[in-house]
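Peer 1: Handing you this structure, nothing more for now.
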Amino acid sequence: MNPDFSKNTVDIIAKRAGFICSNPDCRTKTVGPNSQPDKSTTIGEAAHIRGARPSAKRFKAEMTDSARSEVTNAIWLCRNCHKLIDTDEEKFSTEDLFKWREIHEEYILSELGSKSAQIKNEQLQFILDQFESYPFIIRRIIVDKPDGWEYRLTAELMRYLNAPHLRKLKDLRNNLYLKPQNHIEEEDAFNWIGLRLTEASNLIEPLVNLVDELNKTWGEPGVAGDVNEIHHVCKLIADYLEQIVQYEELINFTNVPEEYEKLRSLLKNNVGEQTLKIERIPERLDHILTLISNESDTDHKKPQIIEETIVLELPEHWEEEFHAELQLVGNQEIRKAEGLLGKKDSNGCTTIVIVIVIIIFLMMLF
């Protein structure tokens with residue numbers, strides 16, 4: 001897809017800026033009369049906040065072209081200021097430009113907006129206040145509401161809120177940090193293993209419910225999503241990941257008697273590795289938004305329903321190894337723990353497979 005702005009996007013960003021440069025130190029009028037009576041002269045340009053191409057300033061490789069071409073990534077500037085911001089990335093950062101645009105639109109509204117528009121803006125500011133410490137792109141999505149904004153907002157919220165927890169899970173997997181060790185005595189080891197196994201089983205299932213709730217926040221076909229509900233569920237997902245981190249830290253930083261070490265090792269990083277797949281959700285939403293953009297460029301728009309599937313499952317042969325280790329331990333009380341693994345299949349092993357389906361109703365956009 002072309003990362004350049006469409007004519008419609010250029011028109012929108014120019015009008016939102018009141019045809020005035022958005023640099024708060026400039027505010028030059030960018031449109032005026034032309035020598036020909038049926039024309040006007042424009043010295044304003046829609047500039048990319050995050051660069052459109054790899055050679056451009058503030059280019060972000062992980063962005064999609066559809067995100068680069070959105071109104072959320074645009075700022076209206078005079079030609080001089082456009083050239084200025086594209087010569088010094090350190091002086092004119094992404095955050096600075098997002099802030100310029102936010103300040104400028106408030107200025108335009110205060111100068112030109114009607115009383116009713118100002119009241120509506122006050123209501124919007126009430127919503128935005130809860131995102132004060134969040135990345136500017138999140139606030140811009142809420143204000144601009146481009147096509148598919150529900151998915152874009154979800155993707156950005158999940159990236160921001162989940163990042164510290166996903167990073168910790170990866171650091172745990174790679175043994176990059178330590179915490180005080182918890183020591184389990186031999187007489188307590190059986191119960192400890194059993195509790196951790198039960199917790200592992202209980203920890204996975206809530207993710208299915210969370211993703212289902214996330215689908216609901218996007219609204220039924222033809223109905224807009226709810227900013228507050230999307231934010232609420234995204235925070236719940238982040239809280240869920242925090243619980244996974246705490247569980248994995250307990251497994252990783254506990255010493256058990258030697259004969260139980262293999263069982264602990266089999267439990268270690270298992271749940272965390274599966275929940276790392278949550279990281280794919282924003283990527284898949286980006287992909288879907290690209291499809292939306294491509295559909296918008298065609299004359300014939302067909303409603304679509306897209307399903308994205310994430311499968312959470314135990315590693316191959318995990319159950320066999322766990323049962324075999326139980327037998328090797330040779331403790332009669334431990335053998336009873338087989339009941340914790342649930343009903344066996346024909347091979348004497350359980351199978352845990354949880355399928356999470358993200359259903360995207362593209363038809364709401366057409």
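All residue names refer to the structure tokens as shown: chains lettered A, B, ... in order, residues numbered from 1 in each chain, ligands numbered from 1 in order.
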For range 180-197 of chain A, find every residue with an atom within 6 Å (counting only C-alpha atoms), except residues of its own chain fewer than 6 positions away, and show them as a list of chain:residue names.
Peer 2: A:Phe253, A:Thr254, A:Asn255, A:Val256, A:Pro257
Peer 1: Apply DSSP to the structure's backbone, then extract all residues of range 22-216 of chain A labelled helix (DSSP H, G or I) and return them as a PyMOL selection string.
Peer 2: chain A and resi 65-68+71-73+79-85+94-112+115-131+136-144+149-173+186-216
Peer 1: Please provide as a list of chain:residue names all residues within 9 Å of Ile251 in chain A, with the sequence filter that same-chain residues fewer than 5 positions apart are discarded (counting only C-alpha atoms).
Peer 2: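 What passes the distance filter is A:Arg196, A:Gln246, A:Arg264, A:Ser265, A:Leu267, A:Lys268, A:Asn269.
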Peer 1: Could you tell me how far CA of Glu70 in chain A sits from CA of Arg101 in chain A, in Å to one decimal place?
Peer 2: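 Between CA of Arg101 in chain A and CA of Glu70 in chain A the gap is 14.4 Å.
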Peer 1: Please compute the CA of Ile85 in chain A-CA of Asp144 in chain A distance, one decimal, in Å.
Peer 2: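 CA of Ile85 in chain A sits 22.3 Å away from CA of Asp144 in chain A.
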Peer 1: To one decimal place in Å, what is the distance between CA of Asn228 in chain A and CA of Ile288 in chain A?
Peer 2: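 CA of Ile288 in chain A lies at a distance of 22.0 Å from CA of Asn228 in chain A.
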